[in-house]
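Visitor: So here's target-v5.csv, just CSV, C-alpha atoms:
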chain,number,residue,atom,x,y,z
A,1,PRO,CA,-154.3,103.7,-93.9
A,2,MET,CA,-157.3,101.2,-94.2
A,3,GLY,CA,-159.5,104.0,-95.5
A,4,LEU,CA,-156.9,104.9,-98.2
A,5,ALA,CA,-156.5,101.3,-99.1
A,6,ALA,CA,-160.3,100.9,-99.5
A,7,ILE,CA,-160.5,103.8,-101.9
A,8,MET,CA,-157.7,102.2,-103.9
A,9,VAL,CA,-159.7,98.9,-104.0
A,10,CYS,CA,-162.8,100.7,-105.3
A,11,PHE,CA,-160.9,102.8,-107.8
A,12,PRO,CA,-160.8,100.2,-110.6
A,13,LEU,CA,-164.6,100.2,-110.8
A,14,GLN,CA,-164.6,104.0,-111.0
A,15,MET,CA,-162.0,103.8,-113.7
A,16,LEU,CA,-164.0,101.2,-115.6
A,17,SER,CA,-167.2,103.2,-115.6
A,18,GLY,CA,-165.0,106.3,-116.6
A,19,ALA,CA,-163.5,104.2,-119.4
A,20,LEU,CA,-167.0,103.5,-120.9
A,21,SER,CA,-168.0,107.1,-120.7
A,22,VAL,CA,-164.8,108.3,-122.2
A,23,MET,CA,-165.1,105.8,-125.0
A,24,ALA,CA,-168.5,107.3,-125.9
A,25,GLY,CA,-167.4,110.9,-125.1
A,26,ALA,CA,-164.0,110.9,-126.8
A,27,GLY,CA,-165.3,109.0,-129.8
A,28,GLY,CA,-168.4,111.2,-130.1
A,29,ALA,CA,-166.2,114.3,-129.7
A,30,SER,CA,-163.9,113.3,-132.5
A,31,ILE,CA,-166.9,113.0,-134.8
A,32,ILE,CA,-168.4,116.2,-133.5
A,33,SER,CA,-165.3,118.4,-134.0
A,34,ARG,CA,-164.5,116.9,-137.5
A,35,SER,CA,-168.1,117.3,-138.6
A,36,LEU,CA,-168.4,120.9,-137.4
A,37,GLY,CA,-165.1,121.6,-139.1
A,38,ALA,CA,-166.6,120.2,-142.3
A,39,GLY,CA,-169.9,122.1,-141.8
A,40,ASP,CA,-172.0,119.0,-141.1
A,41,VAL,CA,-174.0,120.1,-138.0
A,42,ASP,CA,-176.6,117.3,-138.4
A,43,ARG,CA,-174.0,114.6,-138.2
A,44,ALA,CA,-172.5,116.3,-135.1
A,45,LYS,CA,-175.9,116.2,-133.4
A,46,ARG,CA,-176.3,112.5,-134.2
A,47,ALA,CA,-173.0,111.8,-132.6
A,48,PHE,CA,-173.8,113.8,-129.5
A,49,CYS,CA,-177.2,112.0,-129.0
A,50,ALA,CA,-175.7,108.6,-129.6
A,51,ALA,CA,-172.9,109.1,-127.1
A,52,SER,CA,-175.3,110.5,-124.4
A,53,THR,CA,-177.7,107.6,-124.7
A,54,PHE,CA,-175.0,105.0,-124.7
A,55,ALA,CA,-173.2,106.5,-121.6
A,56,PHE,CA,-176.3,106.9,-119.4
A,57,GLY,CA,-177.8,103.5,-120.3
A,58,VAL,CA,-174.5,101.6,-119.7
A,59,GLY,CA,-174.0,103.6,-116.5
A,60,LEU,CA,-177.3,102.2,-115.2
A,61,MET,CA,-176.4,98.7,-116.1
A,62,VAL,CA,-173.0,98.9,-114.4
A,63,ALA,CA,-174.5,100.4,-111.2
A,64,VAL,CA,-177.2,97.8,-110.8
A,65,THR,CA,-175.0,94.8,-111.7
A,66,VAL,CA,-172.2,95.8,-109.3
A,67,TYR,CA,-174.7,96.6,-106.5
A,68,VAL,CA,-176.1,93.1,-106.7
A,69,PHE,CA,-172.7,91.4,-106.6
A,70,LEU,CA,-171.0,94.0,-104.4
A,71,GLU,CA,-169.0,91.8,-102.0
A,72,GLN,CA,-167.8,89.5,-104.9
A,73,VAL,CA,-166.6,92.5,-106.9
A,74,LEU,CA,-164.7,94.0,-104.0
A,75,ARG,CA,-162.9,90.7,-103.3
A,76,LEU,CA,-162.1,90.5,-107.0
A,77,PHE,CA,-160.6,94.0,-106.8
A,78,GLY,CA,-158.4,93.0,-103.9
A,79,ALA,CA,-160.3,93.8,-100.7
A,80,THR,CA,-159.0,91.9,-97.6
A,81,GLU,CA,-161.0,91.3,-94.5
A,82,ALA,CA,-159.5,94.4,-92.9
A,83,ILE,CA,-160.3,96.6,-95.9
A,84,MET,CA,-163.8,95.2,-96.8
A,85,PRO,CA,-166.0,97.2,-94.3
A,86,TYR,CA,-164.5,100.5,-95.5
A,87,ALA,CA,-164.8,99.5,-99.2
A,88,GLU,CA,-168.4,98.4,-98.8
A,89,ALA,CA,-169.4,101.6,-97.1
A,90,TYR,CA,-167.8,103.6,-99.8
A,91,LEU,CA,-168.7,101.7,-103.0
A,92,SER,CA,-172.4,101.0,-102.1
A,93,VAL,CA,-173.1,104.7,-102.2
A,94,ILE,CA,-170.7,105.6,-105.1
A,95,LEU,CA,-172.7,103.4,-107.4
A,96,PHE,CA,-175.7,105.7,-107.4
A,97,GLY,CA,-173.6,108.4,-109.1
A,98,VAL,CA,-172.2,106.2,-111.9
A,99,PRO,CA,-174.9,107.1,-114.5
A,100,LEU,CA,-174.6,110.7,-113.6
A,101,GLN,CA,-170.8,110.7,-113.9
A,102,MET,CA,-170.9,108.9,-117.2
A,103,PHE,CA,-173.4,111.4,-118.8
A,104,GLY,CA,-171.5,114.3,-117.3
A,105,MET,CA,-168.2,113.2,-118.9
A,106,VAL,CA,-169.9,112.8,-122.3
A,107,GLY,CA,-171.4,116.3,-122.0
A,108,ASN,CA,-168.0,117.8,-121.1
A,109,HIS,CA,-166.4,116.1,-124.1
A,110,ALA,CA,-169.1,117.4,-126.4
A,111,ALA,CA,-168.8,120.9,-125.1
A,112,ARG,CA,-165.1,120.9,-125.7
A,113,ALA,CA,-165.6,119.5,-129.2
A,114,GLU,CA,-167.7,122.5,-130.2
A,115,GLY,CA,-165.1,124.9,-128.8
A,116,ARG,CA,-166.9,125.7,-125.5
A,117,ALA,CA,-164.1,124.7,-123.2
A,118,ARG,CA,-165.2,127.1,-120.5
A,119,ILE,CA,-168.5,125.3,-120.2
A,120,ALA,CA,-166.7,122.0,-119.6
A,121,MET,CA,-164.3,123.6,-117.2
A,122,THR,CA,-167.1,125.3,-115.2
A,123,SER,CA,-168.9,121.9,-115.0
A,124,MET,CA,-165.8,120.2,-113.6
A,125,LEU,CA,-165.1,123.0,-111.2
A,126,ILE,CA,-168.6,123.0,-109.8
A,127,SER,CA,-168.4,119.3,-109.1
A,128,ALA,CA,-164.9,119.5,-107.6
A,129,VAL,CA,-165.4,122.5,-105.4
A,130,LEU,CA,-168.7,121.2,-104.1
A,131,ASN,CA,-167.1,117.9,-103.3
A,132,MET,CA,-164.3,119.6,-101.3
A,133,ILE,CA,-166.9,121.5,-99.3
A,134,LEU,CA,-169.2,118.6,-98.6
A,135,ASP,CA,-166.4,116.1,-97.8
A,136,PRO,CA,-165.4,117.4,-94.4
A,137,LEU,CA,-169.0,118.2,-93.5
A,138,PHE,CA,-170.2,114.6,-94.1
A,139,ILE,CA,-167.1,112.8,-93.0
A,140,PHE,CA,-166.4,114.7,-89.8
A,141,GLY,CA,-169.4,116.9,-89.2
A,142,PHE,CA,-172.0,114.2,-89.5
A,143,GLY,CA,-169.6,111.4,-88.5
A,144,TRP,CA,-170.4,109.3,-91.6
A,145,GLY,CA,-166.8,108.4,-92.4
A,146,MET,CA,-166.3,106.5,-95.6
A,147,MET,CA,-170.0,106.7,-96.5
A,148,GLY,CA,-169.8,110.5,-96.0
A,149,ALA,CA,-167.0,110.7,-98.6
A,150,ALA,CA,-169.1,108.8,-101.0
A,151,VAL,CA,-172.3,110.8,-100.4
A,152,ALA,CA,-170.3,114.0,-101.0
A,153,THR,CA,-169.1,112.6,-104.3
A,154,VAL,CA,-172.5,111.5,-105.6
A,155,LEU,CA,-174.2,114.8,-104.7
A,156,SER,CA,-171.4,116.7,-106.5
A,157,GLN,CA,-171.9,114.4,-109.6
A,158,LEU,CA,-175.7,115.2,-109.5
A,159,VAL,CA,-175.1,118.9,-109.6
A,160,MET,CA,-172.6,118.5,-112.5
A,161,PHE,CA,-175.2,116.4,-114.3
A,162,ILE,CA,-177.9,119.1,-113.9
A,163,TRP,CA,-175.5,121.8,-115.0
A,164,ILE,CA,-174.3,120.2,-118.2
A,165,PHE,CA,-177.8,118.8,-119.0
A,166,SER,CA,-179.3,122.3,-118.7
A,167,TYR,CA,-176.6,123.8,-121.0
A,168,PHE,CA,-177.6,121.6,-123.9
A,169,PHE,CA,-181.3,122.4,-123.3
A,170,SER,CA,-180.7,126.2,-123.1
A,171,GLY,CA,-180.1,126.8,-126.8
A,172,ARG,CA,-176.6,128.1,-126.2
A,173,SER,CA,-175.1,125.0,-127.8
A,174,VAL,CA,-174.9,124.1,-131.5
A,175,LEU,CA,-175.7,120.6,-130.2
A,176,SER,CA,-179.0,119.6,-128.8
A,177,PHE,CA,-181.1,116.5,-127.9
A,178,VAL,CA,-183.1,115.4,-130.9
A,179,ARG,CA,-185.6,112.7,-130.1
A,180,ALA,CA,-185.1,110.9,-133.4
A,181,TYR,CA,-181.3,110.7,-132.8
A,182,LEU,CA,-181.5,109.3,-129.2
A,183,VAL,CA,-181.6,105.8,-130.6
A,184,PRO,CA,-178.0,105.5,-132.1
A,185,THR,CA,-177.6,104.5,-135.7
A,186,PRO,CA,-175.1,101.6,-136.2
A,187,GLU,CA,-173.0,103.8,-138.4
A,188,VAL,CA,-172.5,106.6,-135.9
A,189,LEU,CA,-172.2,104.3,-132.9
A,190,LYS,CA,-169.6,102.1,-134.7
A,191,GLU,CA,-167.4,105.1,-135.6
A,192,ALA,CA,-167.7,106.6,-132.1
A,193,VAL,CA,-166.8,103.3,-130.4
A,194,ALA,CA,-163.9,102.7,-132.9
A,195,VAL,CA,-162.3,106.0,-132.3
A,196,GLY,CA,-163.0,106.1,-128.5
A,197,SER,CA,-162.0,102.5,-128.0
A,198,SER,CA,-158.4,103.5,-127.5
A,199,GLU,CA,-159.4,105.6,-124.4
A,200,PHE,CA,-161.6,102.7,-123.3
A,201,VAL,CA,-158.7,100.3,-123.6
A,202,ARG,CA,-156.3,102.6,-121.8
A,203,MET,CA,-158.6,103.3,-118.9
A,204,SER,CA,-160.0,99.7,-118.5
A,205,ALA,CA,-156.5,98.4,-118.8
A,206,GLY,CA,-155.6,100.8,-116.1
A,207,SER,CA,-158.5,99.4,-114.0
A,208,LEU,CA,-157.2,95.8,-114.6
A,209,SER,CA,-153.6,96.8,-113.8
A,210,ILE,CA,-154.7,98.4,-110.5
A,211,VAL,CA,-156.5,95.1,-109.6
A,212,LEU,CA,-153.4,93.1,-110.4
A,213,ILE,CA,-151.2,95.7,-108.6
A,214,ASN,CA,-153.4,95.5,-105.5
A,215,ALA,CA,-153.2,91.7,-105.6
A,216,ALA,CA,-149.4,91.7,-105.9
A,217,LEU,CA,-149.0,94.2,-103.1
A,218,VAL,CA,-151.2,92.2,-100.8
A,219,ARG,CA,-149.3,89.0,-101.6
A,220,TRP,CA,-145.7,90.4,-101.4
A,221,GLY,CA,-146.3,93.2,-98.8
A,222,GLY,CA,-149.7,93.7,-97.2
A,223,ASP,CA,-152.6,96.1,-96.7
A,224,MET,CA,-150.2,98.9,-95.9
A,225,HIS,CA,-148.6,98.7,-99.3
A,226,VAL,CA,-152.1,99.0,-101.0
A,227,ALA,CA,-152.5,102.2,-99.0
A,228,VAL,CA,-149.1,103.4,-100.2
A,229,TYR,CA,-150.1,102.9,-103.8
A,230,GLY,CA,-153.4,104.7,-103.1
A,231,VAL,CA,-151.5,107.8,-101.9
A,232,ILE,CA,-149.1,107.7,-104.9
A,233,ASN,CA,-151.9,107.2,-107.3
A,234,ARG,CA,-153.8,110.2,-105.9
A,235,ALA,CA,-150.7,112.4,-105.6
A,236,LEU,CA,-149.6,111.8,-109.2
A,237,SER,CA,-153.1,112.5,-110.4
A,238,PHE,CA,-152.5,116.2,-109.6
A,239,PHE,CA,-150.2,116.1,-112.7
A,240,PHE,CA,-151.9,113.3,-114.6
A,241,MET,CA,-155.3,114.9,-114.7
A,242,PRO,CA,-154.1,118.2,-116.0
A,243,LEU,CA,-152.2,116.3,-118.7
A,244,MET,CA,-155.5,114.6,-119.6
A,245,GLY,CA,-157.2,118.0,-119.6
A,246,LEU,CA,-154.5,119.4,-121.9
A,247,ALA,CA,-154.9,116.5,-124.3
A,248,GLN,CA,-158.7,116.8,-124.4
A,249,GLY,CA,-158.4,120.6,-124.8
A,250,PHE,CA,-156.2,120.3,-127.9
A,251,GLN,CA,-158.3,117.6,-129.5
A,252,PRO,CA,-161.1,119.8,-130.8
A,253,ILE,CA,-158.6,122.3,-132.1
A,254,LEU,CA,-156.7,119.6,-134.0
A,255,GLY,CA,-159.9,117.8,-135.2
A,256,TYR,CA,-161.5,121.0,-136.4
A,257,ASN,CA,-158.5,122.2,-138.4
A,258,PHE,CA,-157.8,118.8,-139.7
A,259,GLY,CA,-161.4,118.5,-140.8
A,260,ALA,CA,-161.2,121.9,-142.5
A,261,GLY,CA,-158.0,120.9,-144.3
A,262,ASN,CA,-155.8,123.5,-142.4
A,263,LEU,CA,-152.9,121.1,-141.8
A,264,ASP,CA,-150.4,123.9,-140.8
A,265,ARG,CA,-152.6,125.0,-137.9
A,266,ALA,CA,-153.3,121.4,-137.0
A,267,LYS,CA,-149.5,120.7,-136.7
A,268,GLN,CA,-149.0,123.8,-134.7
A,269,SER,CA,-151.6,122.6,-132.1
A,270,ILE,CA,-149.8,119.3,-131.9
A,271,ARG,CA,-146.4,121.0,-131.3
A,272,LEU,CA,-147.8,123.3,-128.6
A,273,ALA,CA,-149.6,120.4,-126.9
A,274,VAL,CA,-146.4,118.2,-126.8
A,275,ILE,CA,-144.3,121.0,-125.3
A,276,ALA,CA,-146.9,121.9,-122.7
A,277,SER,CA,-147.5,118.3,-121.6
A,278,THR,CA,-143.8,117.5,-121.4
A,279,VAL,CA,-143.2,120.6,-119.2
A,280,LEU,CA,-146.1,119.6,-116.9
A,281,ALA,CA,-145.0,116.0,-116.6
A,282,THR,CA,-141.4,117.0,-115.9
A,283,ALA,CA,-142.7,119.3,-113.1
A,284,GLY,CA,-144.5,116.2,-111.6
A,285,TYR,CA,-141.4,114.2,-111.8
A,286,ALA,CA,-139.3,116.8,-110.0
A,287,ILE,CA,-141.8,117.2,-107.2
A,288,ALA,CA,-142.2,113.5,-106.7
A,289,GLN,CA,-138.5,113.0,-106.5
A,290,ILE,CA,-137.7,115.9,-104.3
A,291,TRP,CA,-140.6,116.0,-101.8
A,292,PRO,CA,-142.1,112.5,-101.5
A,293,GLY,CA,-142.2,112.6,-97.7
A,294,GLU,CA,-144.0,115.9,-97.6
A,295,ILE,CA,-146.6,114.6,-100.1
A,296,PHE,CA,-147.3,111.6,-97.9
A,297,MET,CA,-147.7,113.7,-94.8
A,298,LEU,CA,-150.6,115.5,-96.6
A,299,PHE,CA,-152.5,112.2,-96.5
A,300,SER,CA,-151.4,110.5,-93.3
A,301,SER,CA,-149.2,110.8,-90.2
A,302,ASP,CA,-148.6,107.0,-90.1
A,303,ARG,CA,-144.8,106.6,-90.0
A,304,GLU,CA,-144.7,103.2,-91.6
A,305,LEU,CA,-146.8,104.4,-94.5
A,306,ILE,CA,-144.6,107.5,-95.0
A,307,SER,CA,-141.4,105.5,-94.8
A,308,GLU,CA,-142.5,102.9,-97.4
A,309,GLY,CA,-144.1,105.6,-99.5
A,310,ILE,CA,-141.0,107.7,-100.0
A,311,LYS,CA,-139.1,104.8,-101.5
A,312,ALA,CA,-142.1,103.7,-103.7
A,313,MET,CA,-142.9,107.2,-105.0
A,314,ARG,CA,-139.3,107.8,-106.1
A,315,LEU,CA,-139.2,104.5,-108.0
A,316,ILE,CA,-142.6,104.9,-109.6
A,317,SER,CA,-141.9,108.4,-110.8
A,318,THR,CA,-138.4,107.7,-112.2
A,319,THR,CA,-139.4,108.3,-115.8
A,320,TYR,CA,-142.6,110.3,-115.2
A,321,PHE,CA,-141.4,113.0,-117.6
A,322,PHE,CA,-142.3,110.6,-120.5
A,323,VAL,CA,-146.0,110.4,-119.6
A,324,GLY,CA,-147.0,113.8,-121.1
A,325,PHE,CA,-145.8,112.8,-124.6
A,326,GLN,CA,-147.5,109.4,-124.3
A,327,ILE,CA,-150.9,111.0,-123.5
A,328,THR,CA,-150.6,113.7,-126.1
A,329,GLY,CA,-149.6,111.2,-128.8
A,330,SER,CA,-152.6,109.0,-128.1
A,331,ALA,CA,-154.9,112.0,-128.1
A,332,MET,CA,-153.6,113.2,-131.4
A,333,PHE,CA,-154.5,109.9,-133.1
A,334,GLN,CA,-158.0,110.1,-131.6
A,335,ALA,CA,-158.6,113.6,-132.8
A,336,LEU,CA,-157.5,112.6,-136.3
A,337,GLY,CA,-159.9,109.7,-136.3
A,338,ARG,CA,-157.0,107.2,-136.4
A,339,ALA,CA,-158.5,104.4,-134.4
A,340,ARG,CA,-155.9,101.8,-135.0
A,341,PRO,CA,-152.7,103.6,-133.8
A,342,ALA,CA,-154.7,105.2,-130.9
A,343,PHE,CA,-155.8,101.7,-129.9
A,344,ILE,CA,-152.2,100.4,-130.1
A,345,LEU,CA,-150.8,103.2,-128.0
A,346,SER,CA,-153.5,102.7,-125.4
A,347,LEU,CA,-152.7,99.0,-125.2
A,348,SER,CA,-148.9,99.4,-125.0
A,349,ARG,CA,-148.3,100.8,-121.6
A,350,GLN,CA,-151.1,99.3,-119.5
A,351,VAL,CA,-151.6,95.9,-121.2
A,352,LEU,CA,-148.6,94.9,-123.2
A,353,LEU,CA,-146.0,96.3,-120.8
A,354,LEU,CA,-147.1,97.2,-117.3
A,355,ILE,CA,-149.3,94.1,-116.6
A,356,PRO,CA,-146.8,91.5,-117.6
A,357,MET,CA,-144.1,93.3,-115.5
A,358,VAL,CA,-146.3,93.5,-112.5
A,359,ILE,CA,-147.0,89.8,-112.7
A,360,VAL,CA,-143.3,88.8,-113.3
A,361,LEU,CA,-141.0,91.2,-111.5
A,362,PRO,CA,-142.4,90.9,-107.9
A,363,ASN,CA,-141.4,87.2,-108.0
A,364,PHE,CA,-137.7,88.4,-108.1
A,365,PHE,CA,-137.8,91.8,-106.3
A,366,GLY,CA,-140.9,91.7,-104.0
A,367,THR,CA,-142.8,95.0,-103.7
A,368,SER,CA,-139.9,96.8,-105.3
A,369,GLY,CA,-140.7,94.8,-108.5
A,370,VAL,CA,-144.2,96.3,-108.5
A,371,TRP,CA,-142.8,99.9,-108.2
A,372,VAL,CA,-140.1,99.4,-110.8
A,373,SER,CA,-142.6,98.1,-113.4
A,374,PHE,CA,-144.0,101.7,-113.9
A,375,PRO,CA,-140.8,103.4,-115.2
A,376,LEU,CA,-139.9,100.4,-117.3
A,377,ALA,CA,-143.4,100.4,-118.9
A,378,ASP,CA,-143.2,104.2,-119.4
A,379,THR,CA,-139.9,104.0,-121.2
A,380,PHE,CA,-141.0,101.4,-123.7
A,381,ALA,CA,-144.3,103.1,-124.3
A,382,PHE,CA,-142.6,106.4,-125.0
A,383,SER,CA,-140.4,104.8,-127.6
A,384,LEU,CA,-143.4,103.3,-129.4
A,385,THR,CA,-145.4,106.6,-129.2
A,386,LEU,CA,-142.4,108.5,-130.7
A,387,PHE,CA,-142.2,106.1,-133.6
A,388,LEU,CA,-145.9,106.3,-134.6
A,389,PHE,CA,-145.9,110.1,-133.9
A,390,ILE,CA,-143.1,110.8,-136.3
A,391,ARG,CA,-144.7,108.7,-139.0
A,392,GLN,CA,-148.0,110.5,-138.6
A,393,LEU,CA,-146.4,113.9,-138.9
A,394,ARG,CA,-144.7,112.9,-142.1
A,395,ARG,CA,-148.1,111.8,-143.5
A,396,MET,CA,-149.5,115.3,-142.8
A,397,SER,CA,-146.8,117.0,-144.8
A,398,PRO,CA,-147.8,119.1,-147.8
A,399,ALA,CA,-146.6,116.4,-150.2
A,400,ARG,CA,-149.3,114.1,-148.9
A,401,ARG,CA,-152.5,115.9,-148.1
A,402,GLU,CA,-154.9,113.5,-146.4
A,403,THR,CA,-158.7,113.7,-146.8
A,404,PRO,CA,-160.2,115.4,-143.7
A,405,LEU,CA,-162.4,112.5,-142.6
A,406,GLU,CA,-160.0,109.7,-143.5
A,407,THR,CA,-159.9,107.2,-140.6
A,408,THR,CA,-157.7,104.3,-141.8
A,409,LEU,CA,-154.2,103.8,-140.7
As structure tokens, please, write out the structure in this file.
Guide:
Amino acid sequence: PMGLAAIMVCFPLQMLSGALSVMAGAGGASIISRSLGAGDVDRAKRAFCAASTFAFGVGLMVAVTVYVFLEQVLRLFGATEAIMPYAEAYLSVILFGVPLQMFGMVGNHAARAEGRARIAMTSMLISAVLNMILDPLFIFGFGWGMMGAAVATVLSQLVMFIWIFSYFFSGRSVLSFVRAYLVPTPEVLKEAVAVGSSEFVRMSAGSLSIVLINAALVRWGGDMHVAVYGVINRALSFFFMPLMGLAQGFQPILGYNFGAGNLDRAKQSIRLAVIASTVLATAGYAIAQIWPGEIFMLFSSDRELISEGIKAMRLISTTYFFVGFQITGSAMFQALGRARPAFILSLSRQVLLLIPMVIVLPNFFGTSGVWVSFPLADTFAFSLTLFLFIRQLRRMSPARRETPLETTL
């Protein structure tokens, strides 16, 4: 349980570094797909180089800064005296992979944006499969424990970095590293950050919410409840990550067709993405409601952890079937270059709704107040997404043809 809790304490930093790379990657990918759809290859290369430089440079800064203030950061993220040794052993190694991870995520976004989804998929599979092979070897075989898990992750990220980096140097991609473009121009960087800021806000807000959730669970429950949340977070990611992959996969299709002025095909891609994401989220809801005990037994045999986890998972996943539409709706606005509504939707669930509920509700309901905050936030966020979504579809009707690269609300 303490190992699971330590990973949950370290997770906010991984989300924060991921948020920075997704901001650059998603923002750059939106420019790339729309530019390629409009036939402007040079602008697409500028966006790719700017996003790559930004991600790797910021990754180095984050890694060095956190390493210097490691103990203070972990305490800020909710590490108690019991959790701290496990968290230090894990995070001190994970930091070496932050720049690699950030560049890899930008490269994957760029590959998808030019229609090479298989390259991005292969990159992620290489990293994931290698990680699964190295984890038991380093954790149990070498007896490295938490540090072994971290070393396996960093080595996997290094291999992914080499793979995606070599792809863009091989000549197989429309995109390439152009020395003159590696220093981002203010115009391209500003647009990439504006469009990608919604994803940055969503993920960094998720990082902040996890910090606050961990603090609330330690206060109203204990270290065991942090471990419970760690298992739930990991278990639901089996459905959340495919939802993110689906959203990212449909973005270049939507952006390309919107950039080319083919609104009918753009709307068709939106419709298919909404249906697929809703089906996937509903499957996650059903499994979490029917087999929560079995899910927890995959992670631990601790009876107290399993008992508390069954109740918590059923509460958290009460409205999980709404999540697919939320993610697809936000992704749609990113692909269309609609920075403002994408930003609002990213703020709605994690900042405007979930965080206030996590702060207030535990004062009345204890740890149950933490768990119930999730379905309440999902319900309100779904309603807002639906409102903005319907309004956007009306603006894409034949009666009002938008200009392909229009980026205002």
Visitor: I need the residue nearest A:Val372 from this list: A:Phe258, A:Ser301, A:Leu388, A:Ile213. Use only C-alpha atoms for the distance.
Guide: A:Ile213
Visitor: Compile the contact shell of A:Thr282 as a short mmCIF file (atom, residue, chain, number, x, y, z; two decimals) with C-alpha atoms, in the frame of the given file: residues with an atom at most 8 Å away, counting only C-alpha atoms, same-chain residues fewer than 4 positions apart removed.
Guide:
data_model
loop_
_atom_site.label_atom_id
_atom_site.label_comp_id
_atom_site.auth_asym_id
_atom_site.auth_seq_id
_atom_site.Cartn_x
_atom_site.Cartn_y
_atom_site.Cartn_z
CA THR A 278 -143.80 117.50 -121.40
CA ALA A 286 -139.30 116.80 -110.00
CA TYR A 320 -142.60 110.30 -115.20
CA PHE A 321 -141.40 113.00 -117.60
CA PHE A 322 -142.30 110.60 -120.50
#
Visitor: Calculate how many Å separate atom CA of A:Ala266 from atom CA of A:Ile253, rounding to one decimal.
Guide: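 Spanning atom CA of A:Ala266 to atom CA of A:Ile253 is a straight-line distance of 7.3 Å.
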Visitor: Work out how far apart atom CA of A:Asp302 and atom CA of A:Val211 are and give it in Å to one decimal.
Guide: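 Between atom CA of A:Asp302 and atom CA of A:Val211 the gap works out to 24.2 Å.
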Visitor: Which one of A:Val195, A:Met203, A:Ala63, A:Leu386 sits closest to A:Ile31 if you count only C-alpha atoms?
Guide: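 Using only C-alpha atoms, the shortest distance to A:Ile31 belongs to A:Val195.
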Visitor: Anything within 9 Å of (-141.4, 108.8, -95.9): list those residues as a PDB file with C-alpha atoms, in the coordinates of the input, counting all atoms listed in the file and sticking to the file's coordinates.
Guide:
ATOM      1  CA  PRO A 292    -142.100 112.500-101.500  1.00  0.00           C
ATOM      2  CA  GLY A 293    -142.200 112.600 -97.700  1.00  0.00           C
ATOM      3  CA  GLU A 294    -144.000 115.900 -97.600  1.00  0.00           C
ATOM      4  CA  ILE A 295    -146.600 114.600-100.100  1.00  0.00           C
ATOM      5  CA  PHE A 296    -147.300 111.600 -97.900  1.00  0.00           C
ATOM      6  CA  MET A 297    -147.700 113.700 -94.800  1.00  0.00           C
ATOM      7  CA  ARG A 303    -144.800 106.600 -90.000  1.00  0.00           C
ATOM      8  CA  GLU A 304    -144.700 103.200 -91.600  1.00  0.00           C
ATOM      9  CA  LEU A 305    -146.800 104.400 -94.500  1.00  0.00           C
ATOM     10  CA  ILE A 306    -144.600 107.500 -95.000  1.00  0.00           C
ATOM     11  CA  SER A 307    -141.400 105.500 -94.800  1.00  0.00           C
ATOM     12  CA  GLU A 308    -142.500 102.900 -97.400  1.00  0.00           C
ATOM     13  CA  GLY A 309    -144.100 105.600 -99.500  1.00  0.00           C
ATOM     14  CA  ILE A 310    -141.000 107.700-100.000  1.00  0.00           C
ATOM     15  CA  LYS A 311    -139.100 104.800-101.500  1.00  0.00           C
TER      16      LYS A 311
END
Visitor: Looking at all atoms listed in the file, which of A:Leu236, A:Ala377, A:Ala87, A:Met61 is the one that sits closest to A:Leu352?
Guide: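 Going through A:Leu236, A:Ala377, A:Ala87, A:Met61 one by one, the smallest distance to A:Leu352 is for A:Ala377.
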Visitor: Find the residues near stretch 1-16 of chain A: any atom within 8 Å, counting all atoms listed in the file, skip ones fewer than 2 places away on the same chain, and give them as a ChimeraX atom specification.
Guide: /A:18-20,74,77-79,82-84,86-87,90-91,98,146,203-204,206-208,210-211,214,223-224,226-231,300,302,305
Visitor: Could you name the residues that touch A:Ala180 at 10 Å or less, counting only C-alpha atoms, but leaving out those on the same chain fewer than 4 positions away, as a list of chain:residue names?
Guide: A:Arg46, A:Cys49, A:Pro184
Visitor: Determine the nearest neighbour of A:Ser92 from the options A:Ala111, A:Val68, A:Arg234, A:Phe250, counting only C-alpha atoms.
Guide: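 Selected residue with least distance to A:Ser92: A:Val68.
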Visitor: I'd like the interatomic distance between atom CA of A:Ser330 and atom CA of A:Met396, to a tenth of an Å.
Guide: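 These two atoms are separated by 16.3 Å.
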Visitor: Residues within 10 Å of (-162.9, 103.1, -131.2), file coordinates, counting all atoms listed in the file: what are they? Give the list as a list in words.
Guide: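 Using all atoms listed in the file, the matching residues come out as Met23, Ala24, Ala26, Gly27, Gly28, Leu189, Lys190, Glu191, Ala192, Val193, Ala194, Val195, Gly196, Ser197, Ser198, Glu199, Phe200, Val201, Gln334, Gly337, Arg338, Ala339, Arg340, Ala342 and Phe343 of chain A.
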Visitor: Based on the selection just made, write C-alpha atoms of those residues as a tab-separated table (two decimals), in the coordinates of the input.
Guide:
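File out.tsv, as written:
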chain	number	residue	atom	x	y	z
A	23	MET	CA	-165.10	105.80	-125.00
A	24	ALA	CA	-168.50	107.30	-125.90
A	26	ALA	CA	-164.00	110.90	-126.80
A	27	GLY	CA	-165.30	109.00	-129.80
A	28	GLY	CA	-168.40	111.20	-130.10
A	189	LEU	CA	-172.20	104.30	-132.90
A	190	LYS	CA	-169.60	102.10	-134.70
A	191	GLU	CA	-167.40	105.10	-135.60
A	192	ALA	CA	-167.70	106.60	-132.10
A	193	VAL	CA	-166.80	103.30	-130.40
A	194	ALA	CA	-163.90	102.70	-132.90
A	195	VAL	CA	-162.30	106.00	-132.30
A	196	GLY	CA	-163.00	106.10	-128.50
A	197	SER	CA	-162.00	102.50	-128.00
A	198	SER	CA	-158.40	103.50	-127.50
A	199	GLU	CA	-159.40	105.60	-124.40
A	200	PHE	CA	-161.60	102.70	-123.30
A	201	VAL	CA	-158.70	100.30	-123.60
A	334	GLN	CA	-158.00	110.10	-131.60
A	337	GLY	CA	-159.90	109.70	-136.30
A	338	ARG	CA	-157.00	107.20	-136.40
A	339	ALA	CA	-158.50	104.40	-134.40
A	340	ARG	CA	-155.90	101.80	-135.00
A	342	ALA	CA	-154.70	105.20	-130.90
A	343	PHE	CA	-155.80	101.70	-129.90
